[in-house]
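**Student:** work-v4.txt is reproduced in full below (compact mmCIF, C-alpha atoms).
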```
# COMPACT_ATOMS: atom_id res chain seq x y z
CA MET I 1 102.69 52.59 173.03
CA ALA I 2 103.83 50.50 175.98
CA GLY I 3 101.36 52.37 178.18
CA LYS I 4 98.50 51.63 175.83
CA TYR I 5 99.06 47.88 175.91
CA LYS I 6 100.17 47.63 179.54
CA LEU I 7 97.26 45.37 180.51
CA GLU I 8 97.72 43.09 177.48
CA ILE I 9 101.40 42.66 178.33
CA LEU I 10 100.59 41.93 181.97
CA ALA I 11 98.01 39.34 180.95
CA LEU I 12 100.49 37.69 178.59
CA ILE I 13 103.14 37.56 181.33
CA ALA I 14 100.64 36.08 183.80
CA VAL I 15 99.64 33.35 181.33
CA LEU I 16 103.28 32.57 180.45
CA VAL I 17 104.31 32.34 184.12
CA PHE I 18 101.31 30.09 184.70
CA CYS I 19 102.41 27.77 181.87
CA ALA I 20 106.01 27.80 183.13
CA LEU I 21 104.81 26.81 186.61
CA PHE I 22 102.85 23.94 185.09
CA LEU I 23 105.89 22.71 183.14
CA TYR I 24 108.03 23.03 186.24
CA THR I 25 105.59 21.02 188.37
CA SER I 26 105.05 18.30 185.82
CA LEU I 27 108.57 17.93 184.42
CA VAL I 28 111.00 19.01 187.14
CA THR I 29 109.38 18.04 190.41
CA GLY I 30 107.37 15.26 188.74
CA ASN I 31 105.04 14.88 191.73
CA GLY I 32 101.85 15.97 190.02
CA ARG I 33 99.20 13.57 188.89
CA PHE I 34 96.93 16.57 188.16
CA ALA I 35 93.75 15.03 189.48
CA GLY I 36 90.90 17.44 190.16
CA SER I 37 90.95 19.15 193.55
CA ASP I 38 87.34 17.92 193.81
CA THR I 39 88.62 14.35 193.63
CA LEU I 40 91.34 15.01 196.21
CA ALA I 41 88.75 16.51 198.56
CA SER I 42 86.52 13.48 198.10
CA GLU I 43 89.43 11.24 199.06
CA LYS I 44 90.01 13.40 202.13
CA ILE I 45 86.35 12.99 203.08
CA VAL I 46 86.65 9.23 202.85
CA GLU I 47 89.67 9.50 205.16
CA LEU I 48 87.92 11.81 207.64
CA SER I 49 84.61 9.96 207.79
CA GLY I 50 86.24 6.56 207.84
CA GLU I 51 83.66 5.24 205.38
CA PRO I 52 84.94 3.32 202.38
CA ILE I 53 84.36 5.07 199.06
CA GLY I 54 81.92 2.36 197.95
CA THR I 55 79.42 3.30 200.65
CA ILE I 56 79.04 6.88 199.48
CA HIS I 57 76.12 6.99 197.07
CA PRO I 58 74.48 9.94 195.36
CA LEU I 59 71.47 11.15 197.36
CA ILE I 60 69.75 11.92 194.08
CA PRO I 61 70.51 9.49 191.23
CA GLN I 62 72.52 11.21 188.53
CA TRP I 63 73.66 10.60 184.98
CA VAL I 64 77.41 10.17 184.68
CA PRO I 65 79.16 10.67 181.33
CA PRO I 66 80.10 7.15 180.21
CA SER I 67 83.64 8.09 179.19
CA ALA I 68 86.24 10.84 179.48
CA GLU I 69 85.70 11.66 175.78
CA ILE I 70 82.03 12.39 176.29
CA GLU I 71 82.76 14.39 179.43
CA SER I 72 85.37 16.54 177.70
CA GLY I 73 82.99 17.00 174.77
CA LEU I 74 80.29 18.34 177.06
CA PHE I 75 82.79 20.66 178.78
CA ALA I 76 83.82 21.95 175.36
CA LEU I 77 80.15 22.52 174.57
CA GLN I 78 79.77 24.60 177.73
CA ALA I 79 82.79 26.73 176.79
CA ALA I 80 81.54 27.04 173.21
CA ILE I 81 78.19 28.42 174.38
CA GLY I 82 80.00 31.07 176.42
CA GLY I 83 82.37 31.89 173.57
CA LEU I 84 79.54 32.24 171.04
CA VAL I 85 77.63 34.68 173.23
CA ILE I 86 80.73 36.77 173.98
CA GLY I 87 81.69 36.92 170.30
CA LEU I 88 78.16 37.88 169.33
CA VAL I 89 78.00 40.74 171.84
CA PHE I 90 81.44 42.18 171.08
CA GLY I 91 80.56 42.06 167.38
CA TYR I 92 77.25 43.79 168.11
CA TRP I 93 79.04 46.53 170.07
CA ILE I 94 81.67 47.05 167.38
CA GLY I 95 78.89 47.33 164.81
CA GLN I 96 76.99 49.82 166.97
CA LYS I 97 80.10 51.93 167.39
CA LYS I 98 80.73 51.99 163.63
CA GLY I 99 77.09 52.83 163.00
CA THR I 100 77.13 55.87 165.28
CA LYS I 101 80.41 57.08 163.74
CA ASN I 102 79.01 56.98 160.19
CA THR I 103 75.81 58.91 160.88
CA MET J 1 84.92 23.89 193.77
CA HIS J 2 82.31 21.26 193.32
CA ILE J 3 81.21 19.16 196.17
CA MET J 4 80.38 15.82 194.56
CA GLU J 5 76.90 14.35 194.72
CA GLY J 6 76.45 12.23 197.83
CA PHE J 7 79.37 13.83 199.66
CA LEU J 8 77.21 16.06 201.83
CA PRO J 9 74.91 14.47 204.40
CA LEU J 10 71.23 15.20 203.75
CA ASN J 11 70.88 17.75 206.59
CA TRP J 12 73.75 19.88 205.26
CA ALA J 13 72.54 19.57 201.67
CA VAL J 14 69.14 20.88 202.75
CA PHE J 15 70.71 23.62 204.91
CA TRP J 16 72.66 25.10 201.96
CA TRP J 17 69.64 24.82 199.66
CA VAL J 18 67.63 26.85 202.19
CA ILE J 19 70.25 29.61 202.02
CA ALA J 20 70.63 29.44 198.23
CA LEU J 21 66.95 29.49 197.21
CA PRO J 22 65.95 32.96 198.51
CA CYS J 23 69.11 34.41 196.93
CA LEU J 24 68.16 32.88 193.57
CA VAL J 25 64.60 34.19 193.78
CA TYR J 26 65.83 37.68 194.71
CA GLY J 27 68.41 37.47 191.91
CA MET J 28 65.73 36.70 189.33
CA TYR J 29 63.68 39.64 190.60
CA ARG J 30 66.73 41.94 190.34
CA LEU J 31 67.47 40.59 186.86
CA LYS J 32 63.96 41.49 185.69
CA LEU J 33 64.29 45.01 187.13
CA VAL J 34 67.66 45.61 185.45
CA LEU J 35 66.54 44.29 182.06
CA ASP J 36 63.24 46.20 182.18
CA ALA J 37 65.11 49.41 182.98
CA ASP J 38 67.63 49.08 180.15
CA ARG J 39 67.51 46.56 177.30
CA GLU J 40 71.15 47.35 176.50
CA ALA J 41 72.07 45.63 179.77
CA LEU J 42 71.28 42.27 178.13
CA PRO J 43 74.40 42.16 175.91
CA LEU J 44 76.55 43.08 178.93
CA LEU J 45 74.94 40.22 180.84
CA GLY J 46 75.81 38.00 177.87
CA VAL J 47 79.48 38.91 178.09
CA THR J 48 79.83 38.61 181.87
CA GLY J 49 77.75 35.40 181.91
CA GLY J 50 79.66 34.02 178.92
CA PHE J 51 82.89 34.29 180.86
CA ILE J 52 81.38 32.34 183.75
CA PHE J 53 80.46 29.61 181.23
CA ILE J 54 83.94 29.53 179.70
CA LEU J 55 86.11 29.91 182.78
CA SER J 56 84.17 27.41 184.89
CA SER J 57 84.59 24.79 182.16
CA LEU J 58 88.39 25.09 182.10
CA LYS J 59 90.16 22.73 184.43
CA LEU J 60 93.61 24.18 184.87
CA PRO J 61 96.70 22.59 186.43
CA SER J 62 98.29 24.27 189.41
CA VAL J 63 101.58 24.17 191.31
CA THR J 64 100.18 21.70 193.80
CA GLY J 65 100.05 19.02 191.10
CA SER J 66 96.27 19.04 191.00
CA CYS J 67 93.70 20.73 188.80
CA SER J 68 90.95 23.15 189.56
CA HIS J 69 88.80 25.65 187.74
CA PRO J 70 88.47 29.40 187.88
CA THR J 71 84.97 30.77 188.46
CA GLY J 72 84.74 33.91 186.31
CA THR J 73 82.13 35.42 188.61
CA GLY J 74 83.90 38.67 189.54
CA LEU J 75 83.07 40.60 186.36
CA SER J 76 79.39 39.79 186.65
CA ALA J 77 79.39 40.75 190.34
CA ILE J 78 80.90 44.14 189.50
CA CYS J 79 78.46 44.93 186.68
CA PHE J 80 75.26 43.34 188.03
CA GLY J 81 75.84 42.72 191.74
CA PRO J 82 76.09 39.39 193.54
CA TRP J 83 72.43 38.29 193.32
CA ILE J 84 72.09 38.30 189.53
CA THR J 85 75.45 36.52 189.43
CA SER J 86 73.93 33.80 191.64
CA VAL J 87 71.30 33.13 188.99
CA VAL J 88 73.89 32.76 186.20
CA CYS J 89 75.98 30.47 188.40
CA GLY J 90 72.87 28.46 189.19
CA ILE J 91 72.40 27.81 185.45
CA VAL J 92 76.05 26.80 184.93
CA LEU J 93 76.09 24.56 187.99
CA LEU J 94 72.80 22.92 186.98
CA PHE J 95 74.28 22.15 183.53
CA GLN J 96 77.34 20.61 185.17
CA ALA J 97 75.27 18.62 187.67
CA LEU J 98 72.93 17.21 185.02
CA PHE J 99 75.33 16.47 182.17
CA LEU J 100 78.84 16.26 183.63
CA ALA J 101 78.34 14.65 187.06
CA HIS J 102 80.28 17.59 188.52
CA GLY J 103 78.36 18.42 191.63
CA GLY J 104 74.82 17.10 191.82
CA LEU J 105 71.26 18.08 192.55
CA SER J 106 71.38 17.56 196.32
CA VAL J 107 74.68 19.47 196.69
CA LEU J 108 73.68 22.13 194.14
CA GLY J 109 72.58 24.42 196.97
CA ALA J 110 75.99 24.22 198.64
CA ASN J 111 77.79 24.77 195.33
CA ILE J 112 75.59 27.79 194.54
CA VAL J 113 76.35 29.25 197.96
CA SER J 114 80.12 28.99 197.40
CA MET J 115 80.43 29.94 193.71
CA GLY J 116 77.28 31.99 193.23
CA ILE J 117 76.80 33.80 196.53
CA VAL J 118 79.82 34.08 198.83
CA GLY J 119 82.42 34.46 196.05
CA PRO J 120 80.50 37.19 194.19
CA LEU J 121 79.59 38.91 197.49
CA VAL J 122 83.28 39.15 198.43
CA GLY J 123 84.16 40.40 194.94
CA TYR J 124 81.35 42.94 195.10
CA ALA J 125 82.42 44.13 198.55
CA VAL J 126 85.99 44.67 197.33
CA TYR J 127 84.71 46.56 194.28
CA ARG J 128 82.35 48.77 196.30
CA THR J 129 85.11 49.59 198.78
CA LEU J 130 87.54 50.64 196.06
CA ARG J 131 85.13 52.19 193.53
CA GLU J 132 85.17 55.74 194.90
CA THR J 133 88.82 55.67 195.96
CA ARG J 134 91.79 56.63 193.84
CA VAL J 135 92.72 52.99 193.26
CA ASN J 136 93.11 52.24 189.56
CA MET J 137 89.91 50.91 187.97
CA PHE J 138 91.55 47.85 186.41
CA LEU J 139 93.35 47.03 189.66
CA THR J 140 89.93 47.13 191.35
CA VAL J 141 88.54 44.68 188.77
CA PHE J 142 91.59 42.43 189.18
CA LEU J 143 91.27 42.32 192.98
CA ALA J 144 87.50 41.77 192.92
CA CYS J 145 87.77 38.90 190.41
CA ALA J 146 90.74 37.18 192.07
CA LEU J 147 89.20 37.38 195.54
CA ALA J 148 85.77 36.21 194.32
CA ASP J 149 87.60 33.15 192.94
CA ILE J 150 89.60 32.44 196.11
CA PHE J 151 86.65 32.93 198.46
CA THR J 152 84.54 30.48 196.45
CA TYR J 153 87.03 27.81 197.45
CA VAL J 154 87.35 29.05 201.03
CA THR J 155 83.58 28.60 201.28
CA THR J 156 83.71 25.10 199.78
CA SER J 157 86.36 24.20 202.36
CA LEU J 158 84.17 25.53 205.13
CA GLU J 159 81.10 23.66 203.85
CA LEU J 160 83.06 20.39 203.82
CA ALA J 161 84.69 21.07 207.19
CA LEU J 162 81.29 21.69 208.82
CA ALA J 163 79.98 18.40 207.45
CA TYR J 164 83.16 16.43 208.22
CA PRO J 165 84.82 17.74 211.39
CA ALA J 166 88.08 15.96 212.16
CA GLN J 167 88.12 13.64 215.16
CA VAL J 168 91.00 15.61 216.61
CA GLY J 169 90.57 19.36 216.32
CA GLY J 170 87.02 19.34 214.95
CA VAL J 171 85.80 21.74 212.29
CA GLY J 172 88.87 23.98 212.56
CA SER J 173 91.43 21.36 211.73
CA SER J 174 89.45 19.80 208.88
CA PHE J 175 88.90 23.35 207.51
CA VAL J 176 92.70 23.71 207.39
CA LEU J 177 92.94 20.34 205.61
CA PHE J 178 90.39 21.28 202.94
CA MET J 179 91.92 24.73 202.55
CA GLY J 180 95.21 22.96 201.86
CA ILE J 181 93.56 21.09 198.99
CA PHE J 182 91.45 23.88 197.52
CA ALA J 183 92.81 27.30 198.39
CA ILE J 184 96.51 26.82 197.68
CA THR J 185 95.75 25.20 194.32
CA GLN J 186 93.52 28.15 193.56
CA VAL J 187 95.96 31.04 194.16
CA PRO J 188 97.74 30.98 190.75
CA LEU J 189 94.44 30.37 188.95
CA ALA J 190 92.83 33.31 190.72
CA ILE J 191 95.68 35.63 189.71
CA VAL J 192 95.43 34.63 186.04
CA GLU J 193 91.64 34.94 186.17
CA GLY J 194 91.90 38.41 187.70
CA VAL J 195 94.31 39.67 185.04
CA VAL J 196 92.31 38.20 182.16
CA LEU J 197 89.00 39.62 183.39
CA ALA J 198 90.60 43.04 183.96
CA LEU J 199 91.68 42.90 180.31
CA VAL J 200 88.15 41.96 179.23
CA PHE J 201 86.84 44.90 181.25
CA LYS J 202 89.24 47.18 179.39
CA TYR J 203 87.65 46.12 176.09
CA ILE J 204 84.15 46.68 177.46
CA VAL J 205 85.23 50.18 178.53
CA GLN J 206 86.58 50.87 175.05
CA LEU J 207 83.60 49.51 173.13
CA LYS J 208 80.57 50.26 175.25
CA PRO J 209 81.36 52.85 177.93
CA ASP J 210 77.82 54.30 177.88
CA ILE J 211 76.24 51.16 179.36
CA LEU J 212 78.80 51.16 182.19
CA LEU J 213 78.00 54.83 182.84
CA ARG J 214 74.23 54.31 182.77
CA MET J 215 74.51 51.38 185.17
CA LYS J 216 76.91 53.46 187.30
CA VAL J 217 79.48 50.67 187.39
CA PHE J 218 82.32 53.17 187.83
CA PRO J 219 82.36 56.98 188.19
CA GLU J 220 82.54 58.89 184.91
CA GLU J 221 85.99 60.37 185.61
CA LYS J 222 87.53 56.91 185.96
CA ILE J 223 85.99 55.61 182.76
CA SER J 224 86.98 58.67 180.72
CA ALA J 225 90.48 58.59 182.16
CA ALA J 226 90.83 54.93 181.14
CA ARG J 227 89.64 55.76 177.61
CA GLY J 228 92.25 58.48 177.38
CA ASP J 229 89.87 61.40 176.74
```
As a first step, turn the structure in this file into structure tokens.
**Tutor:**
Amino acid sequence: MAGKYKLEILALIAVLVFCALFLYTSLVTGNGRFAGSDTLASEKIVELSGEPIGTIHPLIPQWVPPSAEIESGLFALQAAIGGLVIGLVFGYWIGQKKGTKNT
Amino acid sequence: MHIMEGFLPLNWAVFWWVIALPCLVYGMYRLKLVLDADREALPLLGVTGGFIFILSSLKLPSVTGSCSHPTGTGLSAICFGPWITSVVCGIVLLFQALFLAHGGLSVLGANIVSMGIVGPLVGYAVYRTLRETRVNMFLTVFLACALADIFTYVTTSLELALAYPAQVGGVGSSFVLFMGIFAITQVPLAIVEGVVLALVFKYIVQLKPDILLRMKVFPEEKISAARGD
């Protein structure tokens, strides 16, 4: 029993530890503002190159989501596309397996 | 792992594009070969690609007090090799560059090199090294996925360090600086990603072992042993 679900239990533990670490960082040490590491790196570049952030322009003009709501919506859309495909395929495989068992 | 649009000077942006493009073309050629050989490979591509879509959209908090995202590329690298994985990453990164302002068209080459080429190559190398050994199959998947994730960020750090060498210490010391931002944040994320993808692989083994056998992803003995027959 325990052997059969070893990987599931390990995954659960990993996720729980991950959440506990997040709570610890945000509540106990309180030093996290949880900005993206991309943003932190961009700040570091500004520091290293000595150019103020205003002078860095996109080389190719790009559309920027007008608000955080729209951005998070589009991220959710990306995840939804992945989730739909995965669900479809696992369902297809389960159906195939049942089909071969019945014949 | 994104380098933001405008944050790479033109010469470096072009340099990484020149490396990325042939890999993408070769990846599309490999993809056609694999799908022509076995139509049942398409659903497997859907699952491995689907996880790249999901995992790269999740921005997760880390112990450093900043957020970053997993890449999800390891599973695809194991099943399809690094070049086909580059193509899937190219699609995801293009979506994010066009609609989310994460990355951009000029830096897309650099972002494909880190997430779509070097990361998957490292994962694939780990997997190929361990495939024929006695190392547990799921441990192999875990290591390949976690290291593909970490090395994506090591590459991003290197790309930024090359473009922005520090005044004191040059490329080396700015590499250490960027590694401090990216790689340390990434360690817990990579571990969780590795465990989750190993679990997903377990379900693929249970549901559709024949496709893994036909594509020779793992030797038959390992797959039957994992299925308990």
**Student:** When you draw a straight line from atom CA of Gly65 of chain J to atom CA of Pro66 of chain I, how long is it in Å?
**Tutor:**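 Here the two named atoms are 25.6 Å from each other.
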**Student:** Would you compute the distance between atom CA of Ala97 of chain J and atom CA of Pro70 of chain J? Give it in Å to one decimal.
**Tutor:**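 Separation between atom CA of Ala97 of chain J and atom CA of Pro70 of chain J: 17.0 Å.
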**Student:** Distance limit 7 Å, atoms considered: only C-alpha atoms. Which chain I residues sit that close to chain J? Return them as a count of residues only.
**Tutor:** 40
**Student:** Expressed in Å to a single decimal, how great is the separation between atom CA of Thr155 of chain J and atom CA of Thr73 of chain J?
**Tutor:**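 Separation of atom CA of Thr155 of chain J and atom CA of Thr73 of chain J: 14.5 Å.
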**Student:** For Ser86 of chain J, please output as a list in words all residues within 7 Å (counting all atoms listed in the file; exclusion window: fewer than 4 positions along the same chain).
**Tutor:**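 The neighbour list is Leu24, Gly27, Pro82, Gly90, Ile112, Gly116 and Ile117 of chain J.
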**Student:** Env of Thr85 of chain J: 7 Å cut, atoms = all atoms listed in the file, seq-sep filter 3 positions within chain, self excluded. Answer as a ChimeraX atom specification.
**Tutor:** /J:73,76-77,80-82,88-89,116,120
**Student:** Identify which of the residues J:Val176, J:Ala146, J:Ile211, J:Val135 lies closest to Leu162 of chain J, counting all atoms listed in the file when measuring atom-to-atom distances.
**Tutor:**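 Looking only at the distances to Leu162 of chain J, the closest residue turns out to be J:Val176.
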**Student:** Could you give me the axis-aligned bounding box of segment 156-170 of chain J, with 6 Å of padding per side, as centre plus edge lengths in Å to one decimal, as lines of an AutoDock Vina configuration file?
**Tutor:**
```
center_x = 85.5
center_y = 19.6
center_z = 208.2
size_x = 23.0
size_y = 23.9
size_z = 28.8
```
**Student:** Fix up segment 50-63 of chain J with N, CA and C atoms, then write it as a CSV table (one decimal), keeping the file's coordinate frame.
**Tutor:**
```csv
chain,number,residue,atom,x,y,z
J,50,GLY,N,78.9,34.9,179.8
J,50,GLY,CA,79.7,34.0,178.9
J,50,GLY,C,81.0,33.6,179.5
J,51,PHE,N,81.6,34.6,180.2
J,51,PHE,CA,82.9,34.3,180.9
J,51,PHE,C,82.7,33.3,182.0
J,52,ILE,N,81.6,33.3,182.7
J,52,ILE,CA,81.4,32.3,183.8
J,52,ILE,C,81.3,31.0,183.1
J,53,PHE,N,80.6,30.9,182.0
J,53,PHE,CA,80.5,29.6,181.2
J,53,PHE,C,81.8,29.1,180.8
J,54,ILE,N,82.6,30.0,180.2
J,54,ILE,CA,83.9,29.5,179.7
J,54,ILE,C,84.9,29.2,180.8
J,55,LEU,N,85.1,30.1,181.8
J,55,LEU,CA,86.1,29.9,182.8
J,55,LEU,C,85.8,28.7,183.7
J,56,SER,N,84.5,28.5,184.0
J,56,SER,CA,84.2,27.4,184.9
J,56,SER,C,84.2,26.1,184.2
J,57,SER,N,84.4,26.1,182.8
J,57,SER,CA,84.6,24.8,182.2
J,57,SER,C,86.1,24.4,182.0
J,58,LEU,N,87.0,25.4,182.3
J,58,LEU,CA,88.4,25.1,182.1
J,58,LEU,C,89.0,24.5,183.4
J,59,LYS,N,89.5,23.3,183.3
J,59,LYS,CA,90.2,22.7,184.4
J,59,LYS,C,91.6,22.9,184.2
J,60,LEU,N,92.2,23.8,185.1
J,60,LEU,CA,93.6,24.2,184.9
J,60,LEU,C,94.5,23.5,185.9
J,61,PRO,N,95.7,23.2,185.5
J,61,PRO,CA,96.7,22.6,186.4
J,61,PRO,C,97.3,23.7,187.3
J,62,SER,N,97.7,23.3,188.5
J,62,SER,CA,98.3,24.3,189.4
J,62,SER,C,99.6,23.7,190.0
J,63,VAL,N,100.3,24.6,190.7
J,63,VAL,CA,101.6,24.2,191.3
J,63,VAL,C,101.5,23.0,192.3
```
